[in-house]
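> What follows is data_24.cif, mmCIF, C-alpha atoms.
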data_input
loop_
_atom_site.group_PDB
_atom_site.id
_atom_site.type_symbol
_atom_site.label_atom_id
_atom_site.label_comp_id
_atom_site.auth_asym_id
_atom_site.auth_seq_id
_atom_site.Cartn_x
_atom_site.Cartn_y
_atom_site.Cartn_z
ATOM 1 C CA MET A 944 -1.468 43.741 25.904
ATOM 2 C CA ALA A 945 -0.243 40.960 28.144
ATOM 3 C CA LYS A 946 -1.042 41.172 31.840
ATOM 4 C CA GLU A 947 1.380 40.700 34.701
ATOM 5 C CA PHE A 948 0.955 37.539 36.807
ATOM 6 C CA LYS A 949 3.094 37.761 39.923
ATOM 7 C CA ALA A 950 3.264 35.122 42.646
ATOM 8 C CA PRO A 951 1.902 36.293 46.045
ATOM 9 C CA LYS A 952 4.801 37.522 48.156
ATOM 10 C CA ASN A 953 3.771 35.585 51.275
ATOM 11 C CA ILE A 954 4.165 32.172 49.647
ATOM 12 C CA LYS A 955 7.750 31.043 50.008
ATOM 13 C CA TYR A 956 7.481 27.384 49.191
ATOM 14 C CA VAL A 957 4.518 25.113 48.494
ATOM 15 C CA GLY A 958 4.827 21.836 50.397
ATOM 16 C CA PHE A 959 1.726 19.969 49.225
ATOM 17 C CA CYS A 960 1.790 16.820 47.086
ATOM 18 C CA PRO A 961 2.068 17.147 43.278
ATOM 19 C CA GLY A 962 -1.228 18.277 41.753
ATOM 20 C CA CYS A 963 -2.940 18.983 45.095
ATOM 21 C CA GLY A 964 -5.839 21.443 45.032
ATOM 22 C CA HIS A 965 -4.810 22.908 48.396
ATOM 23 C CA SER A 966 -1.887 24.693 46.750
ATOM 24 C CA ILE A 967 -4.136 26.399 44.220
ATOM 25 C CA PHE A 968 -6.602 27.490 46.905
ATOM 26 C CA VAL A 969 -3.825 28.885 49.119
ATOM 27 C CA ARG A 970 -2.441 30.884 46.206
ATOM 28 C CA LEU A 971 -5.875 32.300 45.278
ATOM 29 C CA MET A 972 -6.513 33.259 48.896
ATOM 30 C CA GLN A 973 -3.181 35.082 49.144
ATOM 31 C CA GLU A 974 -3.876 36.869 45.843
ATOM 32 C CA VAL A 975 -7.260 38.073 47.119
ATOM 33 C CA LEU A 976 -5.832 39.162 50.487
ATOM 34 C CA GLU A 977 -3.064 41.086 48.696
ATOM 35 C CA GLU A 978 -5.456 42.739 46.272
ATOM 36 C CA LYS A 979 -7.952 43.726 48.958
ATOM 37 C CA GLY A 980 -5.300 44.899 51.430
ATOM 38 C CA TYR A 981 -5.907 42.354 54.197
ATOM 39 C CA LEU A 982 -2.470 40.753 54.037
ATOM 40 C CA ASP A 983 -1.577 41.988 57.530
ATOM 41 C CA LYS A 984 -5.179 42.036 58.741
ATOM 42 C CA ASN A 985 -6.331 38.457 58.434
ATOM 43 C CA VAL A 986 -6.317 35.378 60.634
ATOM 44 C CA CYS A 987 -6.349 31.872 59.175
ATOM 45 C CA VAL A 988 -7.855 29.302 61.531
ATOM 46 C CA VAL A 989 -6.935 25.747 60.641
ATOM 47 C CA GLY A 990 -8.040 22.462 62.124
ATOM 48 C CA VAL A 991 -6.284 19.156 61.604
ATOM 49 C CA GLY A 992 -5.564 17.709 58.174
ATOM 50 C CA CYS A 993 -3.604 18.610 55.082
ATOM 51 C CA SER A 994 -4.697 22.224 55.641
ATOM 52 C CA ALA A 995 -2.428 22.268 58.705
ATOM 53 C CA ASN A 996 0.521 22.157 56.291
ATOM 54 C CA VAL A 997 0.260 25.944 56.046
ATOM 55 C CA HIS A 998 2.176 26.137 59.320
ATOM 56 C CA GLY A 999 5.774 27.237 59.600
ATOM 57 C CA ASP A 1000 7.674 28.647 56.674
ATOM 58 C CA ASN A 1001 6.200 25.946 54.498
ATOM 59 C CA VAL A 1002 3.524 27.922 52.730
ATOM 60 C CA TYR A 1003 3.130 31.431 54.053
ATOM 61 C CA GLY A 1004 3.761 33.902 56.831
ATOM 62 C CA ASP A 1005 2.083 34.705 60.111
ATOM 63 C CA ASN A 1006 -1.508 35.214 61.258
ATOM 64 C CA LYS A 1007 -2.705 31.694 61.675
ATOM 65 C CA MET A 1008 -3.843 29.500 64.498
ATOM 66 C CA GLU A 1009 -4.311 25.784 64.725
ATOM 67 C CA CYS A 1010 -7.176 24.886 67.025
ATOM 68 C CA HIS A 1011 -8.810 21.655 68.127
ATOM 69 C CA HIS A 1012 -9.776 19.185 65.426
ATOM 70 C CA GLY A 1013 -12.974 20.369 63.759
ATOM 71 C CA ARG A 1014 -13.396 23.567 65.798
ATOM 72 C CA PRO A 1015 -12.071 26.371 63.553
ATOM 73 C CA PRO A 1016 -15.502 28.061 63.085
ATOM 74 C CA VAL A 1017 -16.041 28.544 66.829
ATOM 75 C CA ALA A 1018 -12.414 29.530 67.511
ATOM 76 C CA GLY A 1019 -12.570 31.951 64.584
ATOM 77 C CA ASN A 1020 -15.828 33.398 65.905
ATOM 78 C CA GLY A 1021 -14.088 34.235 69.192
ATOM 79 C CA MET A 1022 -11.296 36.039 67.362
ATOM 80 C CA LYS A 1023 -13.722 37.939 65.173
ATOM 81 C CA ARG A 1024 -15.677 39.167 68.227
ATOM 82 C CA VAL A 1025 -12.473 40.542 69.774
ATOM 83 C CA ARG A 1026 -11.036 41.987 66.549
ATOM 84 C CA PRO A 1027 -13.902 42.910 64.195
ATOM 85 C CA ASP A 1028 -11.471 44.797 61.922
ATOM 86 C CA VAL A 1029 -9.648 41.589 60.997
ATOM 87 C CA PHE A 1030 -10.680 39.177 58.241
ATOM 88 C CA VAL A 1031 -11.115 35.765 59.858
ATOM 89 C CA TRP A 1032 -11.257 32.686 57.644
ATOM 90 C CA THR A 1033 -11.225 29.011 58.449
ATOM 91 C CA TYR A 1034 -9.301 26.607 56.282
ATOM 92 C CA GLN A 1035 -10.489 23.045 56.811
ATOM 93 C CA GLY A 1036 -10.643 19.690 55.122
ATOM 94 C CA ASP A 1037 -13.697 17.508 54.713
ATOM 95 C CA GLY A 1038 -12.644 15.269 57.580
ATOM 96 C CA ASP A 1039 -12.254 18.287 59.833
ATOM 97 C CA ALA A 1040 -15.449 20.097 58.833
ATOM 98 C CA TYR A 1041 -17.837 17.228 58.052
ATOM 99 C CA ALA A 1042 -16.708 14.418 60.373
ATOM 100 C CA ILE A 1043 -15.430 15.497 63.781
ATOM 101 C CA GLY A 1044 -16.397 19.148 63.263
ATOM 102 C CA MET A 1045 -19.881 18.742 61.763
ATOM 103 C CA GLY A 1046 -21.502 20.177 64.908
ATOM 104 C CA GLU A 1047 -19.405 23.341 64.766
ATOM 105 C CA THR A 1048 -19.801 23.707 60.989
ATOM 106 C CA ILE A 1049 -23.590 23.672 61.318
ATOM 107 C CA LEU A 1050 -23.583 25.791 64.499
ATOM 108 C CA ALA A 1051 -21.518 28.493 62.776
ATOM 109 C CA ALA A 1052 -23.947 28.595 59.848
ATOM 110 C CA GLU A 1053 -27.042 28.466 62.030
ATOM 111 C CA GLN A 1054 -25.806 31.258 64.327
ATOM 112 C CA GLY A 1055 -24.457 33.280 61.397
ATOM 113 C CA PHE A 1056 -21.002 33.851 62.880
ATOM 114 C CA PRO A 1057 -19.358 36.770 61.005
ATOM 115 C CA ILE A 1058 -16.599 34.606 59.505
ATOM 116 C CA SER A 1059 -15.823 32.885 56.197
ATOM 117 C CA VAL A 1060 -15.546 29.107 56.085
ATOM 118 C CA PHE A 1061 -13.504 27.367 53.371
ATOM 119 C CA VAL A 1062 -13.643 23.578 53.191
ATOM 120 C CA ILE A 1063 -11.397 21.549 50.899
ATOM 121 C CA ASN A 1064 -13.298 18.387 49.974
ATOM 122 C CA ASN A 1065 -11.050 15.655 48.570
ATOM 123 C CA CYS A 1066 -13.321 12.672 49.315
ATOM 124 C CA ASN A 1067 -10.946 11.025 51.806
ATOM 125 C CA TYR A 1068 -8.739 11.637 54.840
ATOM 126 C CA GLY A 1069 -5.688 12.869 52.947
ATOM 127 C CA MET A 1070 -3.191 13.577 55.714
ATOM 128 C CA THR A 1071 -3.542 10.225 57.463
ATOM 129 C CA GLY A 1072 -3.159 8.135 54.316
ATOM 130 C CA GLY A 1073 -6.453 8.054 52.436
ATOM 131 C CA GLN A 1074 -9.014 6.479 54.749
ATOM 132 C CA MET A 1075 -12.778 6.708 54.160
ATOM 133 C CA ALA A 1076 -14.314 10.096 54.990
ATOM 134 C CA PRO A 1077 -18.017 11.084 55.168
ATOM 135 C CA THR A 1078 -17.585 12.495 51.658
ATOM 136 C CA THR A 1079 -16.122 9.312 50.139
ATOM 137 C CA LEU A 1080 -18.225 8.365 47.112
ATOM 138 C CA HIS A 1081 -20.301 5.191 46.880
ATOM 139 C CA GLY A 1082 -18.012 2.473 45.541
ATOM 140 C CA GLN A 1083 -14.823 4.495 46.019
ATOM 141 C CA VAL A 1084 -11.834 2.428 47.112
ATOM 142 C CA THR A 1085 -9.872 3.790 50.070
ATOM 143 C CA THR A 1086 -7.507 2.155 52.542
ATOM 144 C CA THR A 1087 -10.456 1.379 54.852
ATOM 145 C CA THR A 1088 -12.978 0.496 52.120
ATOM 146 C CA THR A 1089 -10.861 -1.869 50.063
ATOM 147 C CA LYS A 1090 -13.847 -3.287 48.144
ATOM 148 C CA GLY A 1091 -15.436 0.112 47.555
ATOM 149 C CA ARG A 1092 -17.602 2.098 49.965
ATOM 150 C CA ALA A 1093 -20.926 0.379 50.612
ATOM 151 C CA ASP A 1094 -22.914 3.414 51.843
ATOM 152 C CA TYR A 1095 -23.344 6.921 50.498
ATOM 153 C CA PRO A 1096 -21.556 10.275 50.936
ATOM 154 C CA ILE A 1097 -22.922 13.245 52.853
ATOM 155 C CA ASN A 1098 -23.658 16.448 50.957
ATOM 156 C CA VAL A 1099 -23.697 19.393 53.358
ATOM 157 C CA MET A 1100 -24.692 22.051 50.833
ATOM 158 C CA PRO A 1101 -28.511 21.564 50.904
ATOM 159 C CA LEU A 1102 -28.472 21.933 54.696
ATOM 160 C CA ILE A 1103 -26.203 25.012 54.685
ATOM 161 C CA GLN A 1104 -28.292 26.514 51.887
ATOM 162 C CA SER A 1105 -31.493 26.145 53.895
ATOM 163 C CA ILE A 1106 -30.206 28.207 56.846
ATOM 164 C CA ASP A 1107 -31.331 31.842 56.840
ATOM 165 C CA ASN A 1108 -28.170 33.224 58.465
ATOM 166 C CA VAL A 1109 -25.983 32.014 55.598
ATOM 167 C CA ALA A 1110 -25.272 34.939 53.260
ATOM 168 C CA PHE A 1111 -23.308 33.043 50.636
ATOM 169 C CA ALA A 1112 -22.827 29.349 49.909
ATOM 170 C CA ALA A 1113 -20.971 28.012 46.895
ATOM 171 C CA ARG A 1114 -19.041 25.013 45.685
ATOM 172 C CA ALA A 1115 -16.148 25.227 43.234
ATOM 173 C CA THR A 1116 -13.338 23.056 42.004
ATOM 174 C CA VAL A 1117 -9.822 23.589 40.668
ATOM 175 C CA THR A 1118 -9.835 21.272 37.666
ATOM 176 C CA SER A 1119 -9.642 23.915 34.918
ATOM 177 C CA PRO A 1120 -8.598 27.554 34.505
ATOM 178 C CA ALA A 1121 -12.279 28.605 34.248
ATOM 179 C CA GLU A 1122 -13.185 26.902 37.524
ATOM 180 C CA ILE A 1123 -10.130 28.397 39.245
ATOM 181 C CA ARG A 1124 -11.209 31.893 38.173
ATOM 182 C CA LYS A 1125 -14.728 31.195 39.476
ATOM 183 C CA LEU A 1126 -13.287 30.096 42.805
ATOM 184 C CA LYS A 1127 -11.375 33.361 43.054
ATOM 185 C CA LYS A 1128 -14.637 35.282 42.537
ATOM 186 C CA TYR A 1129 -16.256 33.270 45.353
ATOM 187 C CA ILE A 1130 -13.343 34.049 47.684
ATOM 188 C CA GLU A 1131 -13.618 37.760 46.854
ATOM 189 C CA LYS A 1132 -17.336 37.676 47.579
ATOM 190 C CA ALA A 1133 -16.768 35.937 50.916
ATOM 191 C CA VAL A 1134 -14.202 38.590 51.916
ATOM 192 C CA ASP A 1135 -16.563 41.426 50.956
ATOM 193 C CA LEU A 1136 -19.546 39.927 52.774
ATOM 194 C CA GLN A 1137 -17.610 39.469 55.986
ATOM 195 C CA MET A 1138 -15.787 42.802 56.032
ATOM 196 C CA ASN A 1139 -18.560 45.046 54.695
ATOM 197 C CA GLU A 1140 -21.686 43.396 56.078
ATOM 198 C CA GLY A 1141 -20.451 41.090 58.856
ATOM 199 C CA LYS A 1142 -22.046 38.020 57.319
ATOM 200 C CA TYR A 1143 -21.289 34.309 57.276
ATOM 201 C CA SER A 1144 -20.232 32.647 54.033
ATOM 202 C CA PHE A 1145 -19.415 29.076 53.158
ATOM 203 C CA VAL A 1146 -17.281 27.909 50.215
ATOM 204 C CA GLU A 1147 -16.503 24.268 49.502
ATOM 205 C CA ILE A 1148 -13.685 23.408 47.110
ATOM 206 C CA VAL A 1149 -13.719 19.961 45.481
ATOM 207 C CA SER A 1150 -10.035 19.184 45.252
ATOM 208 C CA PRO A 1151 -7.998 16.406 43.629
ATOM 209 C CA CYS A 1152 -5.967 14.132 45.913
ATOM 210 C CA PRO A 1153 -3.753 12.274 43.389
ATOM 211 C CA THR A 1154 -1.552 10.696 46.079
ATOM 212 C CA ASN A 1155 -4.367 8.897 47.882
ATOM 213 C CA TRP A 1156 -6.607 8.312 44.881
ATOM 214 C CA HIS A 1157 -3.636 6.551 43.197
ATOM 215 C CA LYS A 1158 -4.234 8.469 39.984
ATOM 216 C CA SER A 1159 -2.113 10.961 38.073
ATOM 217 C CA PRO A 1160 -3.002 14.627 38.776
ATOM 218 C CA VAL A 1161 -4.551 15.035 35.315
ATOM 219 C CA ASP A 1162 -6.605 11.811 35.688
ATOM 220 C CA SER A 1163 -7.721 12.968 39.154
ATOM 221 C CA CYS A 1164 -9.149 16.141 37.634
ATOM 222 C CA LYS A 1165 -10.916 14.084 34.964
ATOM 223 C CA TRP A 1166 -12.427 11.873 37.666
ATOM 224 C CA ILE A 1167 -13.696 14.969 39.490
ATOM 225 C CA ASP A 1168 -15.289 16.329 36.318
ATOM 226 C CA GLU A 1169 -16.862 12.987 35.385
ATOM 227 C CA GLU A 1170 -17.866 11.413 38.718
ATOM 228 C CA VAL A 1171 -17.416 13.625 41.783
ATOM 229 C CA THR A 1172 -19.346 16.611 40.424
ATOM 230 C CA LYS A 1173 -22.380 14.350 39.913
ATOM 231 C CA VAL A 1174 -22.517 13.815 43.676
ATOM 232 C CA PHE A 1175 -21.221 17.287 44.642
ATOM 233 C CA PRO A 1176 -22.637 19.656 42.012
ATOM 234 C CA LEU A 1177 -20.803 22.956 41.507
ATOM 235 C CA GLY A 1178 -22.117 26.500 41.561
ATOM 236 C CA VAL A 1179 -23.572 29.168 43.810
ATOM 237 C CA PHE A 1180 -26.240 27.731 46.101
ATOM 238 C CA LYS A 1181 -27.097 30.876 47.993
ATOM 239 C CA GLY A 1182 -26.337 34.578 47.661
ATOM 240 C CA MET B 292 7.194 44.507 28.309
ATOM 241 C CA ILE B 293 5.928 41.306 29.935
ATOM 242 C CA LYS B 294 8.308 38.373 30.133
ATOM 243 C CA MET B 295 7.830 34.749 31.203
ATOM 244 C CA VAL B 296 9.916 33.758 34.224
ATOM 245 C CA THR B 297 10.025 30.085 35.267
ATOM 246 C CA HIS B 298 11.159 28.479 38.513
ATOM 247 C CA PRO B 299 11.905 24.860 37.497
ATOM 248 C CA GLU B 300 13.164 24.039 41.003
ATOM 249 C CA ARG B 301 9.560 24.337 42.300
ATOM 250 C CA CYS B 302 8.002 22.032 39.693
ATOM 251 C CA LYS B 303 6.389 18.768 40.844
ATOM 252 C CA SER B 304 5.497 17.542 37.367
ATOM 253 C CA CYS B 305 1.713 17.508 37.808
ATOM 254 C CA ARG B 306 1.362 18.560 34.142
ATOM 255 C CA TYR B 307 -1.676 20.783 34.596
ATOM 256 C CA CYS B 308 0.196 23.403 32.529
ATOM 257 C CA GLU B 309 0.774 20.954 29.672
ATOM 258 C CA ARG B 310 -2.937 20.021 29.780
ATOM 259 C CA ASP B 311 -4.275 23.581 29.750
ATOM 260 C CA CYS B 312 -1.780 25.555 27.631
ATOM 261 C CA PRO B 313 -3.900 26.831 24.695
ATOM 262 C CA LYS B 314 -0.894 26.881 22.338
ATOM 263 C CA ASP B 315 0.730 23.599 23.465
ATOM 264 C CA ALA B 316 3.862 25.590 24.261
ATOM 265 C CA ILE B 317 4.636 23.679 27.470
ATOM 266 C CA LYS B 318 6.227 20.235 27.250
ATOM 267 C CA PRO B 319 8.226 18.021 29.631
ATOM 268 C CA SER B 320 11.889 18.981 29.443
ATOM 269 C CA GLY B 321 13.300 15.494 30.004
ATOM 270 C CA LYS B 322 15.421 16.815 32.905
ATOM 271 C CA MET B 323 15.042 16.397 36.659
ATOM 272 C CA ASN B 324 15.121 19.153 39.273
ATOM 273 C CA ALA B 325 16.638 18.836 42.768
ATOM 274 C CA GLN B 326 13.344 17.442 44.140
ATOM 275 C CA GLY B 327 13.497 14.605 41.612
ATOM 276 C CA TYR B 328 10.614 15.722 39.406
ATOM 277 C CA GLU B 329 10.771 16.163 35.655
ATOM 278 C CA TYR B 330 10.226 19.876 35.104
ATOM 279 C CA MET B 331 8.535 21.492 32.143
ATOM 280 C CA SER B 332 10.014 23.684 29.434
ATOM 281 C CA VAL B 333 8.277 26.550 27.655
ATOM 282 C CA ASP B 334 8.612 27.155 23.925
ATOM 283 C CA GLU B 335 8.843 30.941 23.890
ATOM 284 C CA ASP B 336 8.096 31.140 20.171
ATOM 285 C CA LEU B 337 4.659 29.594 20.731
ATOM 286 C CA CYS B 338 3.883 31.303 24.063
ATOM 287 C CA ILE B 339 1.316 34.127 23.872
ATOM 288 C CA LEU B 340 1.752 35.219 27.541
ATOM 289 C CA CYS B 341 -1.896 34.456 28.380
ATOM 290 C CA GLY B 342 -1.166 33.465 31.996
ATOM 291 C CA THR B 343 -3.074 30.163 31.907
ATOM 292 C CA CYS B 344 -0.024 28.286 33.215
ATOM 293 C CA TYR B 345 0.215 30.682 36.171
ATOM 294 C CA THR B 346 -3.498 30.157 36.892
ATOM 295 C CA VAL B 347 -3.385 26.352 36.960
ATOM 296 C CA CYS B 348 0.083 25.760 38.439
ATOM 297 C CA PRO B 349 -0.194 24.653 42.093
ATOM 298 C CA ASP B 350 3.493 25.308 42.723
ATOM 299 C CA LEU B 351 4.032 28.812 41.308
ATOM 300 C CA VAL B 352 6.502 27.663 38.670
ATOM 301 C CA PHE B 353 5.407 30.288 36.130
ATOM 302 C CA GLU B 354 5.286 34.036 36.530
ATOM 303 C CA LEU B 355 4.665 36.742 33.959
ATOM 304 C CA LEU B 356 6.623 39.772 35.059
ATOM 305 C CA GLU B 357 7.200 43.251 33.741
ATOM 306 C CA ALA B 358 10.758 43.138 32.377
ATOM 307 C CA GLU B 359 12.966 46.036 33.446
ATOM 308 C CA ALA B 360 14.060 47.945 30.363
#
Would you give me this structure, written as structure tokens?

Amino acid sequence: MAKEFKAPKNIKYVGFCPGCGHSIFVRLMQEVLEEKGYLDKNVCVVGVGCSANVHGDNVYGDNKMECHHGRPPVAGNGMKRVRPDVFVWTYQGDGDAYAIGMGETILAAEQGFPISVFVINNCNYGMTGGQMAPTTLHGQVTTTTTKGRADYPINVMPLIQSIDNVAFAARATVTSPAEIRKLKKYIEKAVDLQMNEGKYSFVEIVSPCPTNWHKSPVDSCKWIDEEVTKVFPLGVFKG
Amino acid sequence: MIKMVTHPERCKSCRYCERDCPKDAIKPSGKMNAQGYEYMSVDEDLCILCGTCYTVCPDLVFELLEAEA
């Protein structure tokens, strides 16, 4: 018996580039919020980057706030303290969470803020045109490393994993149907941990950026599977 | 009864659906939509309504909906 697959009602139009992993994450998040009944009881906190494209009628409805660059975990913590009945999630990019916002990312994990952090890692600064980010791979060509990056990327997961206050830490990707289903499970777990136990969870999503990688969407996914996952291994790291 | 509904106007031609369709039922249609992307067409004779295209599509082009009798 075939199952019904219905698009989440909050998504009116998806404005990301062709093949972008952000779109898939946003859809999964809306599916989970709809299924768990938090559609009108959630706040999305975004920083600066491609994730900020969720504003306006572009992707979906209300309940979101754009805060200072890199500060969604602390802004979200404030909201959660005032409204503990609301699901608070941050939606950041790697430039937001690991470059300018590294202090807040680690503070939130170390203090165990009762929020859920979602970081889209696409190995460059997507919104500003593909410059080098802390997560850019060794040898990767970007607009600011035209001969390939000379130094090495930062992997936040071992640090997050080592912090006692972190209830759940996982890394997923969106390069195949199986991985997308896994990511949905991680999102569900993060929602449950926050709303039932008031715990911090951290999910990183390795996402293709075909526009700035100058590859086709399908080739971008292949590159993730072959190269990026060697540097950023997938799976559940804690919880 | 479940029926495939497509929204070709949303398609951005990333071709994840073509890559992942287990029955190779999805192919480029050879036509452009209003955004200027070549949208995909579904061969309904081959389609088994598994929902893989819905799962991988970033732009919500495919939906499997309960058809009203």
> Tell me which protein, DNA and RNA residues are within 9 Å of Ile1130 (chain A), counting all atoms listed in the file, leaving out same-chain ones fewer than 2 positions away, and put them as a list in words.
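With the cut-off at 9 Å, the set is Leu971, Met972, Val975, Ser1059, Phe1061, Lys1125, Leu1126, Lys1127, Lys1128, Lys1132, Ala1133, Val1134, Asp1135 and Val1146 of chain A.
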> Let me know the residues the PyMOL selection byres ((chain B) within 12 of (chain A)) catches in the file above, as a tab-separated table (two decimals) with C-alpha atoms, in the coordinates of the input.

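File produced: expr_11.tsv:
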chain	number	residue	atom	x	y	z
B	292	MET	CA	7.19	44.51	28.31
B	293	ILE	CA	5.93	41.31	29.94
B	294	LYS	CA	8.31	38.37	30.13
B	295	MET	CA	7.83	34.75	31.20
B	296	VAL	CA	9.92	33.76	34.22
B	297	THR	CA	10.02	30.08	35.27
B	298	HIS	CA	11.16	28.48	38.51
B	300	GLU	CA	13.16	24.04	41.00
B	301	ARG	CA	9.56	24.34	42.30
B	302	CYS	CA	8.00	22.03	39.69
B	303	LYS	CA	6.39	18.77	40.84
B	304	SER	CA	5.50	17.54	37.37
B	305	CYS	CA	1.71	17.51	37.81
B	306	ARG	CA	1.36	18.56	34.14
B	307	TYR	CA	-1.68	20.78	34.60
B	308	CYS	CA	0.20	23.40	32.53
B	309	GLU	CA	0.77	20.95	29.67
B	310	ARG	CA	-2.94	20.02	29.78
B	311	ASP	CA	-4.28	23.58	29.75
B	312	CYS	CA	-1.78	25.56	27.63
B	313	PRO	CA	-3.90	26.83	24.70
B	326	GLN	CA	13.34	17.44	44.14
B	327	GLY	CA	13.50	14.60	41.61
B	328	TYR	CA	10.61	15.72	39.41
B	329	GLU	CA	10.77	16.16	35.66
B	330	TYR	CA	10.23	19.88	35.10
B	338	CYS	CA	3.88	31.30	24.06
B	339	ILE	CA	1.32	34.13	23.87
B	340	LEU	CA	1.75	35.22	27.54
B	341	CYS	CA	-1.90	34.46	28.38
B	342	GLY	CA	-1.17	33.47	32.00
B	343	THR	CA	-3.07	30.16	31.91
B	344	CYS	CA	-0.02	28.29	33.22
B	345	TYR	CA	0.22	30.68	36.17
B	346	THR	CA	-3.50	30.16	36.89
B	347	VAL	CA	-3.38	26.35	36.96
B	348	CYS	CA	0.08	25.76	38.44
B	349	PRO	CA	-0.19	24.65	42.09
B	350	ASP	CA	3.49	25.31	42.72
B	351	LEU	CA	4.03	28.81	41.31
B	352	VAL	CA	6.50	27.66	38.67
B	353	PHE	CA	5.41	30.29	36.13
B	354	GLU	CA	5.29	34.04	36.53
B	355	LEU	CA	4.66	36.74	33.96
B	356	LEU	CA	6.62	39.77	35.06
B	357	GLU	CA	7.20	43.25	33.74
B	358	ALA	CA	10.76	43.14	32.38
> Between CA of Asn1067 (chain A) and CA of Asn1020 (chain A), what is the distance, to one decimal in Å?
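One can read the CA of Asn1067 (chain A) to CA of Asn1020 (chain A) distance as 26.9 Å.
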> Looking at all atoms listed in the file, which of A:Pro1096, A:Pro1057, A:Gly990, A:Pro1151 is the one that sits closest to Val1025 (chain A)?
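Looking only at the distances to Val1025 (chain A), the closest residue turns out to be A:Pro1057.
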> List as a compact mmCIF listing (two decimals) with C-alpha atoms, in the coordinates of the input the protein and nucleic acid residues near Pro1016 (chain A), meaning an atom at most 7 Å away when all atoms listed in the file are counted, but skip any in the same chain fewer than 5 places from it.

# COMPACT_ATOMS: atom_id res chain seq x y z
CA THR A 1033 -11.22 29.01 58.45
CA GLU A 1047 -19.40 23.34 64.77
CA THR A 1048 -19.80 23.71 60.99
CA ALA A 1051 -21.52 28.49 62.78
> Using only C-alpha atoms, find each residue of region 1121-1173 of chain A with at least one atom at most 7 Å away from an atom of region 1107-1110 of chain A; report its shortest atom-to-atom pair and that distance in Å (one decimal), sort the rows by chain and rising residue number, and return the result as CSV.

residue,atom,partner,partner_atom,distance
A:Lys1142,CA,A:Ala1110,CA,6.0
A:Tyr1143,CA,A:Val1109,CA,5.5
A:Ser1144,CA,A:Ala1110,CA,5.6
> Hey, can you check how far CA of Ile1058 (chain A) sits from CA of Met1070 (chain A)?
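About the pair CA of Ile1058 (chain A) and CA of Met1070 (chain A): they are 25.2 Å apart.
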> Between CA of Ile1148 (chain A) and CA of Thr1116 (chain A), measure the distance and give it in Å to one decimal.
5.1 Å
